[in-house]
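This is query.pdb. It holds PDB, C-alpha atoms.
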```
ATOM      1  CA  MET A 930       9.109-258.496 118.020
ATOM      2  CA  ARG A 931       8.427-255.315 120.000
ATOM      3  CA  HIS A 932       8.059-256.194 123.699
ATOM      4  CA  ARG A 933       6.190-254.291 126.374
ATOM      5  CA  ILE A 934       8.012-253.852 129.696
ATOM      6  CA  LEU A 935       6.099-252.649 132.772
ATOM      7  CA  SER A 936       8.206-250.556 135.169
ATOM      8  CA  VAL A 937       6.601-250.451 138.630
ATOM      9  CA  ASP A 938       8.185-247.998 141.056
ATOM     10  CA  ASP A 939       6.797-245.192 143.219
ATOM     11  CA  SER A 940       9.811-243.063 142.262
ATOM     12  CA  ARG A 941       9.366-241.190 138.983
ATOM     13  CA  THR A 942      13.157-240.832 138.906
ATOM     14  CA  VAL A 943      13.674-244.595 138.751
ATOM     15  CA  ARG A 944      11.050-244.895 136.034
ATOM     16  CA  ILE A 945      12.904-242.206 134.015
ATOM     17  CA  ILE A 946      16.213-244.072 134.455
ATOM     18  CA  VAL A 947      14.568-247.333 133.311
ATOM     19  CA  ARG A 948      12.943-245.633 130.311
ATOM     20  CA  LYS A 949      16.277-244.087 129.267
ATOM     21  CA  ALA A 950      18.111-247.400 129.752
ATOM     22  CA  PHE A 951      15.890-249.112 127.172
ATOM     23  CA  ARG A 952      15.629-246.283 124.632
ATOM     24  CA  ALA A 953      18.239-247.977 122.455
ATOM     25  CA  PHE A 954      16.018-251.035 122.116
ATOM     26  CA  SER A 955      12.839-251.736 120.248
ATOM     27  CA  CYS A 956      10.466-252.078 123.195
ATOM     28  CA  ASP A 957       7.660-250.138 124.875
ATOM     29  CA  ILE A 958       8.111-249.074 128.488
ATOM     30  CA  VAL A 959       4.872-248.589 130.389
ATOM     31  CA  GLU A 960       4.856-247.289 133.947
ATOM     32  CA  ALA A 961       2.977-247.772 137.202
ATOM     33  CA  GLY A 962       3.555-246.057 140.559
ATOM     34  CA  ASN A 963       2.344-248.903 142.777
ATOM     35  CA  GLY A 964       0.908-252.425 142.731
ATOM     36  CA  VAL A 965      -2.686-251.322 142.150
ATOM     37  CA  GLU A 966      -1.748-249.265 139.087
ATOM     38  CA  ALA A 967       0.374-252.173 137.868
ATOM     39  CA  LEU A 968      -2.521-254.635 138.111
ATOM     40  CA  ALA A 969      -4.750-252.221 136.158
ATOM     41  CA  SER A 970      -2.073-251.907 133.462
ATOM     42  CA  ILE A 971      -1.583-255.680 133.276
ATOM     43  CA  ALA A 972      -5.354-256.202 132.981
ATOM     44  CA  LYS A 973      -5.391-253.936 129.905
ATOM     45  CA  GLU A 974      -2.438-255.624 128.239
ATOM     46  CA  ALA A 975      -0.059-258.180 129.720
ATOM     47  CA  PRO A 976       3.589-257.096 129.490
ATOM     48  CA  ALA A 977       6.421-259.360 128.405
ATOM     49  CA  LEU A 978       8.228-258.556 131.668
ATOM     50  CA  VAL A 979       7.676-256.609 134.893
ATOM     51  CA  LEU A 980      10.390-254.596 136.674
ATOM     52  CA  LEU A 981       9.189-254.349 140.263
ATOM     53  CA  ASP A 982      10.145-252.261 143.293
ATOM     54  CA  VAL A 983       9.330-253.574 146.790
ATOM     55  CA  THR A 984       8.633-250.600 149.078
ATOM     56  CA  MET A 985       5.689-248.706 147.592
ATOM     57  CA  PRO A 986       2.502-247.164 148.971
ATOM     58  CA  THR A 987      -0.989-248.613 148.358
ATOM     59  CA  MET A 988       0.215-252.068 147.261
ATOM     60  CA  ASP A 989       3.872-253.036 147.659
ATOM     61  CA  GLY A 990       5.946-255.221 145.378
ATOM     62  CA  VAL A 991       5.722-258.354 147.504
ATOM     63  CA  GLU A 992       1.911-258.224 147.495
ATOM     64  CA  LEU A 993       1.820-257.633 143.737
ATOM     65  CA  LEU A 994       4.277-260.471 143.099
ATOM     66  CA  THR A 995       2.179-262.800 145.283
ATOM     67  CA  LYS A 996      -0.994-261.861 143.359
ATOM     68  CA  LEU A 997       0.669-262.390 139.987
ATOM     69  CA  LYS A 998       2.131-265.743 140.928
ATOM     70  CA  SER A 999      -1.193-266.999 142.337
ATOM     71  CA  ASP A1000      -2.931-266.398 139.008
ATOM     72  CA  PRO A1001      -2.394-269.251 136.539
ATOM     73  CA  VAL A1002      -2.203-266.910 133.533
ATOM     74  CA  LEU A1003      -0.344-263.950 135.044
ATOM     75  CA  ALA A1004       2.114-266.270 136.806
ATOM     76  CA  LYS A1005       3.841-266.762 133.451
ATOM     77  CA  ILE A1006       4.919-263.102 133.257
ATOM     78  CA  PRO A1007       8.584-262.862 134.298
ATOM     79  CA  VAL A1008       9.162-260.455 137.199
ATOM     80  CA  VAL A1009      12.553-258.863 137.860
ATOM     81  CA  MET A1010      12.793-257.166 141.251
ATOM     82  CA  LEU A1011      14.498-253.745 141.196
ATOM     83  CA  THR A1012      14.705-252.617 144.801
ATOM     84  CA  ALA A1013      16.863-251.226 147.595
ATOM     85  CA  GLU A1014      15.723-254.140 149.796
ATOM     86  CA  GLY A1015      18.711-256.395 149.234
ATOM     87  CA  ALA A1016      19.382-258.298 152.454
ATOM     88  CA  GLN A1017      20.221-261.933 151.708
ATOM     89  CA  ASP A1018      17.197-263.279 153.631
ATOM     90  CA  GLN A1019      14.824-260.984 151.803
ATOM     91  CA  VAL A1020      16.278-261.766 148.366
ATOM     92  CA  LYS A1021      15.830-265.477 149.128
ATOM     93  CA  LYS A1022      12.249-265.001 150.363
ATOM     94  CA  ILE A1023      11.172-262.926 147.362
ATOM     95  CA  THR A1024      12.903-265.235 144.903
ATOM     96  CA  GLU A1025      11.002-268.136 146.472
ATOM     97  CA  LEU A1026       7.752-266.231 145.864
ATOM     98  CA  GLY A1027       8.505-266.519 142.158
ATOM     99  CA  ALA A1028      10.649-263.546 141.110
ATOM    100  CA  THR A1029      12.648-264.471 138.006
ATOM    101  CA  ASP A1030      15.629-262.298 138.916
ATOM    102  CA  TYR A1031      16.680-259.668 141.457
ATOM    103  CA  ILE A1032      18.570-256.394 141.052
ATOM    104  CA  VAL A1033      19.556-254.475 144.172
ATOM    105  CA  LYS A1034      19.676-250.658 143.940
ATOM    106  CA  PRO A1035      22.001-248.872 143.281
ATOM    107  CA  PHE A1036      22.182-250.435 139.825
ATOM    108  CA  LYS A1037      23.952-249.826 136.539
ATOM    109  CA  GLU A1038      21.971-249.538 133.316
ATOM    110  CA  ASP A1039      24.171-252.242 131.749
ATOM    111  CA  GLN A1040      23.320-254.637 134.563
ATOM    112  CA  LEU A1041      19.599-253.969 134.130
ATOM    113  CA  ILE A1042      19.700-254.475 130.361
ATOM    114  CA  GLU A1043      21.815-257.624 130.682
ATOM    115  CA  LYS A1044      19.375-259.231 133.123
ATOM    116  CA  VAL A1045      16.349-258.344 131.002
ATOM    117  CA  LYS A1046      18.047-259.643 127.845
ATOM    118  CA  ARG A1047      18.487-263.005 129.526
ATOM    119  CA  ILE A1048      14.699-263.256 129.806
ATOM    120  CA  ILE A1049      13.279-261.530 126.713
ATOM    121  CA  GLU A1050      14.793-260.819 123.334
ATOM    122  CA  LEU A1051      15.586-257.143 122.754
ATOM    123  CA  SER A1052      16.467-255.860 119.319
ATOM    124  CA  PRO A1053      18.061-252.448 118.706
ATOM    125  CA  ALA A1054      15.691-249.574 118.044
ATOM    126  CA  GLU A1055      15.807-248.440 114.429
ATOM    127  CA  SER A1056      16.654-244.891 115.431
ATOM    128  CA  ALA A1057      19.080-245.910 118.192
ATOM    129  CA  PRO A1058      22.553-244.356 118.011
ATOM    130  CA  GLY A1059      24.858-246.849 116.358
ATOM    131  CA  ALA A1060      21.997-249.074 115.202
ATOM    132  CA  VAL A1061      22.799-251.070 112.124
ATOM    133  CA  PRO A1062      20.222-250.457 109.402
ATOM    134  CA  ALA A1063      18.443-253.511 108.068
ATOM    135  CA  PRO A1064      19.960-254.691 104.790
ATOM    136  CA  THR A1065      17.996-253.731 101.731
ATOM    137  CA  ALA A1066      17.347-256.018  98.785
TER     138      ALA A1066
ATOM    139  CA  MET B 550      15.553-256.597 170.712
ATOM    140  CA  PRO B 551      19.137-255.595 169.781
ATOM    141  CA  THR B 552      19.673-251.861 170.158
ATOM    142  CA  ALA B 553      22.276-249.373 169.029
ATOM    143  CA  GLU B 554      24.646-250.331 171.872
ATOM    144  CA  LYS B 555      24.818-253.898 170.524
ATOM    145  CA  ILE B 556      26.032-252.795 167.098
ATOM    146  CA  PRO B 557      29.701-251.776 167.057
ATOM    147  CA  GLU B 558      30.291-248.228 165.814
ATOM    148  CA  SER B 559      32.856-249.634 163.376
ATOM    149  CA  LEU B 560      30.085-251.685 161.716
ATOM    150  CA  ILE B 561      27.868-248.625 161.384
ATOM    151  CA  ALA B 562      30.777-246.587 159.949
ATOM    152  CA  THR B 563      31.794-249.314 157.487
ATOM    153  CA  ASN B 564      28.222-249.749 156.248
ATOM    154  CA  ILE B 565      27.388-246.072 155.790
ATOM    155  CA  ASN B 566      30.731-245.337 154.098
ATOM    156  CA  ARG B 567      30.209-248.227 151.682
ATOM    157  CA  ALA B 568      26.583-247.268 151.049
ATOM    158  CA  VAL B 569      27.299-243.591 150.272
ATOM    159  CA  THR B 570      30.343-244.399 148.109
ATOM    160  CA  ASP B 571      28.511-247.117 146.120
ATOM    161  CA  VAL B 572      25.418-245.032 145.459
ATOM    162  CA  PHE B 573      27.376-241.958 144.328
ATOM    163  CA  LYS B 574      29.673-244.035 142.124
ATOM    164  CA  THR B 575      26.931-246.197 140.579
ATOM    165  CA  MET B 576      24.039-243.755 140.186
ATOM    166  CA  LEU B 577      25.864-240.417 139.801
ATOM    167  CA  ARG B 578      29.261-241.518 138.456
ATOM    168  CA  ARG B 579      30.879-239.278 141.091
ATOM    169  CA  GLY B 580      33.597-240.014 143.613
ATOM    170  CA  ILE B 581      32.914-239.160 147.243
ATOM    171  CA  THR B 582      35.214-239.440 150.257
ATOM    172  CA  SER B 583      34.677-239.614 153.993
ATOM    173  CA  VAL B 584      36.128-236.536 155.731
ATOM    174  CA  GLY B 585      34.934-236.907 159.291
ATOM    175  CA  SER B 586      32.585-238.462 161.803
ATOM    176  CA  GLU B 587      31.210-237.883 165.254
ATOM    177  CA  ARG B 588      29.054-239.905 167.630
ATOM    178  CA  GLY B 589      27.176-239.078 170.757
ATOM    179  CA  HIS B 590      28.848-239.989 174.043
ATOM    180  CA  GLU B 591      28.136-239.516 177.723
ATOM    181  CA  ALA B 592      29.284-235.884 177.874
ATOM    182  CA  THR B 593      27.550-234.914 174.610
ATOM    183  CA  PRO B 594      24.875-237.501 173.836
ATOM    184  CA  TRP B 595      23.445-235.364 171.050
ATOM    185  CA  PRO B 596      26.301-233.709 169.158
ATOM    186  CA  PRO B 597      25.254-230.959 166.710
ATOM    187  CA  LEU B 598      25.760-231.269 162.976
ATOM    188  CA  PRO B 599      28.906-229.526 161.713
ATOM    189  CA  ALA B 600      28.385-225.829 160.926
ATOM    190  CA  ARG B 601      27.633-225.032 157.289
ATOM    191  CA  PRO B 602      29.971-222.634 155.444
ATOM    192  CA  LYS B 603      26.995-220.922 153.726
ATOM    193  CA  PRO B 604      23.941-221.278 155.972
ATOM    194  CA  GLU B 605      21.878-218.998 153.727
ATOM    195  CA  ILE B 606      21.821-221.658 150.994
ATOM    196  CA  PRO B 607      18.776-223.953 151.355
ATOM    197  CA  LEU B 608      19.369-227.524 152.453
ATOM    198  CA  ILE B 609      17.666-230.581 151.041
ATOM    199  CA  VAL B 610      17.396-233.466 153.486
ATOM    200  CA  GLY B 611      16.304-236.961 152.497
ATOM    201  CA  MET B 612      14.935-239.131 155.324
ATOM    202  CA  VAL B 613      14.395-242.884 155.331
ATOM    203  CA  GLY B 614      13.739-245.023 158.383
ATOM    204  CA  PHE B 615      14.495-248.654 159.137
ATOM    205  CA  ILE B 616      12.296-250.793 161.364
ATOM    206  CA  GLY B 617      12.910-254.271 162.740
ATOM    207  CA  ASP B 618      15.433-255.760 165.118
ATOM    208  CA  VAL B 619      17.065-252.352 165.001
ATOM    209  CA  ASP B 620      15.056-249.157 164.624
ATOM    210  CA  GLY B 621      16.264-245.799 163.404
ATOM    211  CA  PHE B 622      16.314-243.006 160.869
ATOM    212  CA  THR B 623      18.950-241.805 158.453
ATOM    213  CA  TYR B 624      18.987-238.214 157.216
ATOM    214  CA  VAL B 625      21.110-237.283 154.191
ATOM    215  CA  TYR B 626      21.885-233.531 154.035
ATOM    216  CA  MET B 627      23.142-231.596 151.019
ATOM    217  CA  ASP B 628      22.903-228.005 149.758
ATOM    218  CA  GLU B 629      20.156-227.421 147.199
ATOM    219  CA  PRO B 630      22.420-226.442 144.240
ATOM    220  CA  PHE B 631      24.503-229.596 144.738
ATOM    221  CA  ALA B 632      21.335-231.686 145.147
ATOM    222  CA  LYS B 633      20.210-230.439 141.728
ATOM    223  CA  GLN B 634      23.578-231.398 140.227
ATOM    224  CA  CYS B 635      23.153-234.878 141.726
ATOM    225  CA  VAL B 636      19.668-235.231 140.263
ATOM    226  CA  GLY B 637      21.009-234.131 136.869
ATOM    227  CA  SER B 638      23.722-236.794 136.995
ATOM    228  CA  MET B 639      21.191-239.384 138.123
ATOM    229  CA  ILE B 640      18.751-238.918 135.242
ATOM    230  CA  GLY B 641      21.325-237.886 132.636
ATOM    231  CA  ILE B 642      20.470-234.250 131.934
ATOM    232  CA  SER B 643      22.666-231.156 131.573
ATOM    233  CA  PRO B 644      23.494-228.883 134.570
ATOM    234  CA  GLU B 645      21.305-226.174 132.977
ATOM    235  CA  GLU B 646      18.350-228.558 132.708
ATOM    236  CA  ALA B 647      19.006-229.794 136.258
ATOM    237  CA  ALA B 648      18.968-226.229 137.629
ATOM    238  CA  ALA B 649      15.495-225.757 136.147
ATOM    239  CA  LEU B 650      13.978-228.962 137.593
ATOM    240  CA  SER B 651      10.741-228.584 139.529
ATOM    241  CA  GLU B 652      10.634-229.068 143.304
ATOM    242  CA  PRO B 653       8.578-232.309 143.049
ATOM    243  CA  ASP B 654      11.201-233.760 140.661
ATOM    244  CA  ILE B 655      14.049-232.795 143.030
ATOM    245  CA  LYS B 656      12.185-234.247 146.010
ATOM    246  CA  ASP B 657      11.483-237.503 144.201
ATOM    247  CA  ALA B 658      15.088-237.950 143.054
ATOM    248  CA  ILE B 659      16.705-237.043 146.389
ATOM    249  CA  GLY B 660      14.174-239.286 148.124
ATOM    250  CA  GLU B 661      15.229-242.151 145.863
ATOM    251  CA  LEU B 662      18.928-241.394 146.320
ATOM    252  CA  THR B 663      18.414-241.479 150.098
ATOM    253  CA  ASN B 664      16.380-244.665 149.764
ATOM    254  CA  MET B 665      19.302-246.340 147.984
ATOM    255  CA  ILE B 666      21.853-245.124 150.551
ATOM    256  CA  VAL B 667      19.782-246.187 153.543
ATOM    257  CA  GLY B 668      18.784-249.432 151.829
ATOM    258  CA  SER B 669      22.404-250.352 151.222
ATOM    259  CA  PHE B 670      23.270-249.358 154.816
ATOM    260  CA  LYS B 671      20.485-251.402 156.376
ATOM    261  CA  ASN B 672      21.101-254.401 154.045
ATOM    262  CA  GLY B 673      24.567-254.579 155.636
ATOM    263  CA  LEU B 674      23.019-254.545 159.103
ATOM    264  CA  CYS B 675      20.518-257.253 158.068
ATOM    265  CA  ASP B 676      23.284-259.504 156.782
ATOM    266  CA  MET B 677      25.135-259.029 160.103
ATOM    267  CA  GLY B 678      22.127-260.364 162.033
ATOM    268  CA  PHE B 679      19.974-257.259 162.562
ATOM    269  CA  PRO B 680      17.009-257.722 160.185
ATOM    270  CA  CYS B 681      14.978-254.596 159.408
ATOM    271  CA  LYS B 682      12.912-253.038 156.620
ATOM    272  CA  LEU B 683      12.875-249.602 155.003
ATOM    273  CA  THR B 684      10.193-246.952 155.318
ATOM    274  CA  ILE B 685       9.047-244.754 152.428
ATOM    275  CA  PRO B 686      11.332-241.694 151.950
ATOM    276  CA  SER B 687      10.400-238.133 152.847
ATOM    277  CA  ILE B 688      12.111-234.792 152.230
ATOM    278  CA  LEU B 689      12.801-231.614 154.203
ATOM    279  CA  ILE B 690      13.783-228.355 152.494
ATOM    280  CA  GLY B 691      14.859-225.228 154.358
ATOM    281  CA  CYS B 692      17.714-223.031 155.549
ATOM    282  CA  ASP B 693      17.636-223.190 159.313
ATOM    283  CA  PHE B 694      16.258-226.210 161.145
ATOM    284  CA  SER B 695      17.510-228.983 163.390
ATOM    285  CA  VAL B 696      16.510-232.566 164.060
ATOM    286  CA  GLY B 697      16.086-233.711 167.639
ATOM    287  CA  PRO B 698      15.185-237.004 169.328
ATOM    288  CA  THR B 699      11.733-237.733 170.726
ATOM    289  CA  SER B 700      13.028-240.674 172.752
ATOM    290  CA  ALA B 701      16.336-242.230 173.733
ATOM    291  CA  ALA B 702      18.494-242.468 170.606
ATOM    292  CA  GLU B 703      22.132-242.729 169.617
ATOM    293  CA  ARG B 704      23.412-240.235 167.071
ATOM    294  CA  TYR B 705      26.145-240.993 164.509
ATOM    295  CA  ILE B 706      27.245-238.250 162.091
ATOM    296  CA  TYR B 707      29.326-239.004 158.964
ATOM    297  CA  VAL B 708      30.610-236.193 156.751
ATOM    298  CA  PHE B 709      31.583-236.679 153.098
ATOM    299  CA  ASP B 710      33.126-234.491 150.404
ATOM    300  CA  CYS B 711      32.099-234.736 146.765
ATOM    301  CA  GLY B 712      34.103-232.339 144.603
ATOM    302  CA  GLY B 713      34.064-229.628 147.258
ATOM    303  CA  ASN B 714      30.407-230.192 148.161
ATOM    304  CA  ARG B 715      29.466-231.512 151.562
ATOM    305  CA  VAL B 716      27.133-234.466 152.153
ATOM    306  CA  VAL B 717      26.209-235.425 155.719
ATOM    307  CA  ALA B 718      24.678-238.737 156.768
ATOM    308  CA  ASP B 719      23.041-238.381 160.181
ATOM    309  CA  ILE B 720      22.025-241.729 161.673
ATOM    310  CA  LEU B 721      19.729-241.939 164.688
ATOM    311  CA  MET B 722      19.298-245.383 166.224
ATOM    312  CA  LYS B 723      17.056-246.386 169.078
ATOM    313  CA  SER B 724      19.149-246.982 172.188
ATOM    314  CA  GLU B 725      18.682-249.339 175.157
ATOM    315  CA  GLU B 726      15.342-248.706 176.874
TER     316      GLU B 726
END
```
Can the structure in the file be given as structure tokens, please?
Amino acid sequence: MRHRILSVDDSRTVRIIVRKAFRAFSCDIVEAGNGVEALASIAKEAPALVLLDVTMPTMDGVELLTKLKSDPVLAKIPVVMLTAEGAQDQVKKITELGATDYIVKPFKEDQLIEKVKRIIELSPAESAPGAVPAPTA
Amino acid sequence: MPTAEKIPESLIATNINRAVTDVFKTMLRRGITSVGSERGHEATPWPPLPARPKPEIPLIVGMVGFIGDVDGFTYVYMDEPFAKQCVGSMIGISPEEAAALSEPDIKDAIGELTNMIVGSFKNGLCDMGFPCKLTIPSILIGCDFSVGPTSAAERYIYVFDCGGNRVVADILMKSEE
């Protein structure tokens, strides 16, 4: 199954890093630069998982998380925080709001992939380097 | 409200050294070492930044503030050619591709790099009992400019070396009113 992952970060650089991290897997990365853009994207098509920054203009990650978790349908979408805001109190507060997991920047691609794989199934992309071709009959 | 005088300089030094080292190692896969520091004192409350060997080369400065029980700004200075190398390492492109990056791409990446450094620095302060939040990053680019205080502030300067390239973290923290 090809999953859709929504990467929400006001930094294009972080969105590039996320996109590159998942290029070896069969999934679609869609991007949003703030909470408002993310809500518009989710309204079009719900993702299998949201990667969410905290400090963003227009609508920050805490407000978006609160909106998602207050909606009975959208509340089911797993949200992994990916943010430089990593003080213990803040991690606890945001986790209590309903975040499924929390990654503090700086982060390694392996760590990101590992955490996402714990939540959704990711299969190797067919054209990924080192991918094993499907057996033929 | 706790102010800069209530936070030991050793705590500030430990946190910024850890933050810079972690971010360079994790995001750029580059080693970086502390090579010096200076703080304001009674005789020189506002020490200048160390002189640059090649002042004609443009500087890129990332700025991120922190607001809460302790207020301040951190500026991260590096020369433009090295900043481009850092961005290349960060997003996994060749040095040639990095040299050709557009200014908005450089600004975004250095802003994010600064955001991670200052975030890691302030997370350490938060966990030591000084809760605060980050501001959105901004960037300065130029050859000859200086940063000065608009109100009472303590200045802490930390100098790092990364493969012969200099990185300076300049921390300004609100002092006792």
Neighbour list for stretch 1033-1036 of chain A as a PDB file with C-alpha atoms, keeping the file's coordinate frame, cut-off 8 Å, all atoms listed in the file, skip fewer than 6 positions in-chain:
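Dumped to around-v7.pdb:
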```pdb
ATOM      1  CA  MET A1010      12.793-257.166 141.251  1.00  0.00           C
ATOM      2  CA  LEU A1011      14.498-253.745 141.196  1.00  0.00           C
ATOM      3  CA  THR A1012      14.705-252.617 144.801  1.00  0.00           C
ATOM      4  CA  ALA A1013      16.863-251.226 147.595  1.00  0.00           C
ATOM      5  CA  GLU A1014      15.723-254.140 149.796  1.00  0.00           C
ATOM      6  CA  GLY A1015      18.711-256.395 149.234  1.00  0.00           C
TER       7      GLY A1015
ATOM      8  CA  ASP B 571      28.511-247.117 146.120  1.00  0.00           C
ATOM      9  CA  VAL B 572      25.418-245.032 145.459  1.00  0.00           C
ATOM     10  CA  THR B 575      26.931-246.197 140.579  1.00  0.00           C
ATOM     11  CA  MET B 576      24.039-243.755 140.186  1.00  0.00           C
ATOM     12  CA  MET B 665      19.302-246.340 147.984  1.00  0.00           C
ATOM     13  CA  SER B 669      22.404-250.352 151.222  1.00  0.00           C
TER      14      SER B 669
END
```
At a cut-off of 10 Å, can you tabulate as a tab-separated table every residue of chain A near chain B together with its closest atom pair and the distance in Å to one decimal, using all atoms listed in the file and ordering rows by chain then number?
```
residue	atom	partner	partner_atom	distance
A:Asp939	CA	B:Asp657	CA	9.1
A:Ser940	CA	B:Asp657	CA	6.1
A:Arg941	CA	B:Asp657	CA	6.7
A:Thr942	CA	B:Ala658	CA	5.4
A:Val943	CA	B:Glu661	CA	7.7
A:Arg944	CA	B:Ile640	CA	9.8
A:Ile945	CA	B:Ile640	CA	6.8
A:Ile946	CA	B:Ile640	CA	5.8
A:Val947	CA	B:Ile640	CA	9.6
A:Lys949	CA	B:Ile640	CA	8.3
A:Val983	CA	B:Leu683	CA	9.8
A:Thr984	CA	B:Ile685	CA	6.8
A:Met985	CA	B:Ile685	CA	7.1
A:Pro986	CA	B:Ile685	CA	7.8
A:Thr1012	CA	B:Met665	CA	8.4
A:Ala1013	CA	B:Gly668	CA	5.0
A:Glu1014	CA	B:Gly668	CA	6.0
A:Gly1015	CA	B:Asn672	CA	5.7
A:Ala1016	CA	B:Asn672	CA	4.5
A:Gln1017	CA	B:Asp676	CA	6.4
A:Asp1018	CA	B:Asp676	CA	7.8
A:Gln1019	CA	B:Cys675	CA	9.3
A:Val1033	CA	B:Ser669	CA	8.6
A:Lys1034	CA	B:Met665	CA	5.9
A:Pro1035	CA	B:Val572	CA	5.6
A:Phe1036	CA	B:Thr575	CA	6.4
A:Lys1037	CA	B:Thr575	CA	6.2
A:Glu1038	CA	B:Met576	CA	9.2
```
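This file gives the following result for the PyMOL selection byres ((chain A and resi 933-937) around 8): Arg931, His932, Asp938, Asp939, Arg944, Val947, Cys956, Asp957, Ile958, Val959, Glu960, Ala961, Gly962, Asn963, Gly964, Ala967, Pro976, Ala977, Leu978, Val979, Leu980, Leu981 and Asp982 of chain A.
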With the file shown as input, list the residues that the PyMOL selection byres ((chain B and resi 605) around 10) selects, as JSON, numbers by chain. {"B": [601, 602, 603, 604, 606, 607, 608, 628, 691, 692, 693]}
Using the chain letters and numbers from this file, what does the PyMOL selection byres ((chain A and resi 1007) around 7) select? Give the answer as a PyMOL selection string. chain A and resi 978-979+1005-1006+1008-1009+1029
What are the centre and edge lengths in Å, to one decimal, of the axis-aligned box around all listed atoms of stretch 948-954 of chain A with 3 Å added on each side, as lines of an AutoDock Vina configuration file?
```
center_x = 15.6
center_y = -247.6
center_z = 126.2
size_x = 11.3
size_y = 12.9
size_z = 14.2
```
If you measure from atom CA of B:Asp710 to atom CA of B:Val696, what distance in Å do you get, rounded to one decimal?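 About the pair atom CA of B:Asp710 and atom CA of B:Val696: they are 21.6 Å apart.
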Could you name the residues that touch B:Asp719 at 9 Å or less, counting all atoms listed in the file, but leaving out those on the same chain fewer than 3 positions away, as JSON, numbers by chain? {"B": [598, 622, 623, 624, 625, 626, 704, 705, 706, 707, 708]}
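You can rank A:Ala1054, A:Leu1026, A:Val965, A:Ile1032 by their closest distance to A:Lys998 using all atoms listed in the file, and at the top of that list sits A:Leu1026.
In this model, the gap between atom CA of B:Gly712 and atom CA of B:Glu629 comes to 15.0 Å.
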Rounded to one decimal in Å, what is the spacing between atom CA of B:Ile720 and atom CA of B:Thr563?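 It comes out at 13.1 Å.
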For A:Ser955, work out the shell of residues within 12 Å, counting all atoms listed in the file and skipping chain neighbours fewer than 3 positions away, then give it as a PyMOL selection string. chain A and resi 930-934+948+950-952+958+1049-1057+1060
As a tab-separated table (two decimals), keeping the file's coordinate frame, the rebuilt stretch 668-672 of chain B with all heavy atoms:
```tsv
chain	number	residue	atom	x	y	z
B	668	GLY	N	19.00	-248.02	152.14
B	668	GLY	CA	18.78	-249.43	151.83
B	668	GLY	C	20.08	-250.21	151.87
B	668	GLY	O	20.16	-251.27	152.49
B	669	SER	N	21.10	-249.67	151.23
B	669	SER	CA	22.40	-250.35	151.22
B	669	SER	C	22.97	-250.45	152.64
B	669	SER	O	23.51	-251.49	153.04
B	669	SER	CB	23.35	-249.57	150.31
B	669	SER	OG	24.59	-250.19	150.23
B	670	PHE	N	22.81	-249.38	153.42
B	670	PHE	CA	23.27	-249.36	154.82
B	670	PHE	C	22.55	-250.43	155.63
B	670	PHE	O	23.18	-251.25	156.30
B	670	PHE	CB	23.01	-247.97	155.41
B	670	PHE	CG	23.21	-247.89	156.90
B	670	PHE	CD1	24.47	-247.93	157.46
B	670	PHE	CD2	22.12	-247.76	157.76
B	670	PHE	CE1	24.66	-247.86	158.84
B	670	PHE	CE2	22.29	-247.68	159.13
B	670	PHE	CZ	23.56	-247.73	159.67
B	671	LYS	N	21.24	-250.46	155.53
B	671	LYS	CA	20.48	-251.40	156.38
B	671	LYS	C	20.63	-252.85	155.86
B	671	LYS	O	20.55	-253.79	156.65
B	671	LYS	CB	19.04	-250.96	156.55
B	671	LYS	CG	18.09	-251.22	155.43
B	671	LYS	CD	17.34	-252.52	155.59
B	671	LYS	CE	16.80	-252.96	154.26
B	671	LYS	NZ	16.40	-254.36	154.22
B	672	ASN	N	20.86	-253.04	154.54
B	672	ASN	CA	21.10	-254.40	154.04
B	672	ASN	C	22.34	-254.98	154.72
B	672	ASN	O	22.39	-256.17	155.05
B	672	ASN	CB	21.28	-254.41	152.53
B	672	ASN	CG	19.98	-254.12	151.79
B	672	ASN	OD1	18.89	-254.29	152.33
B	672	ASN	ND2	20.09	-253.67	150.55
```
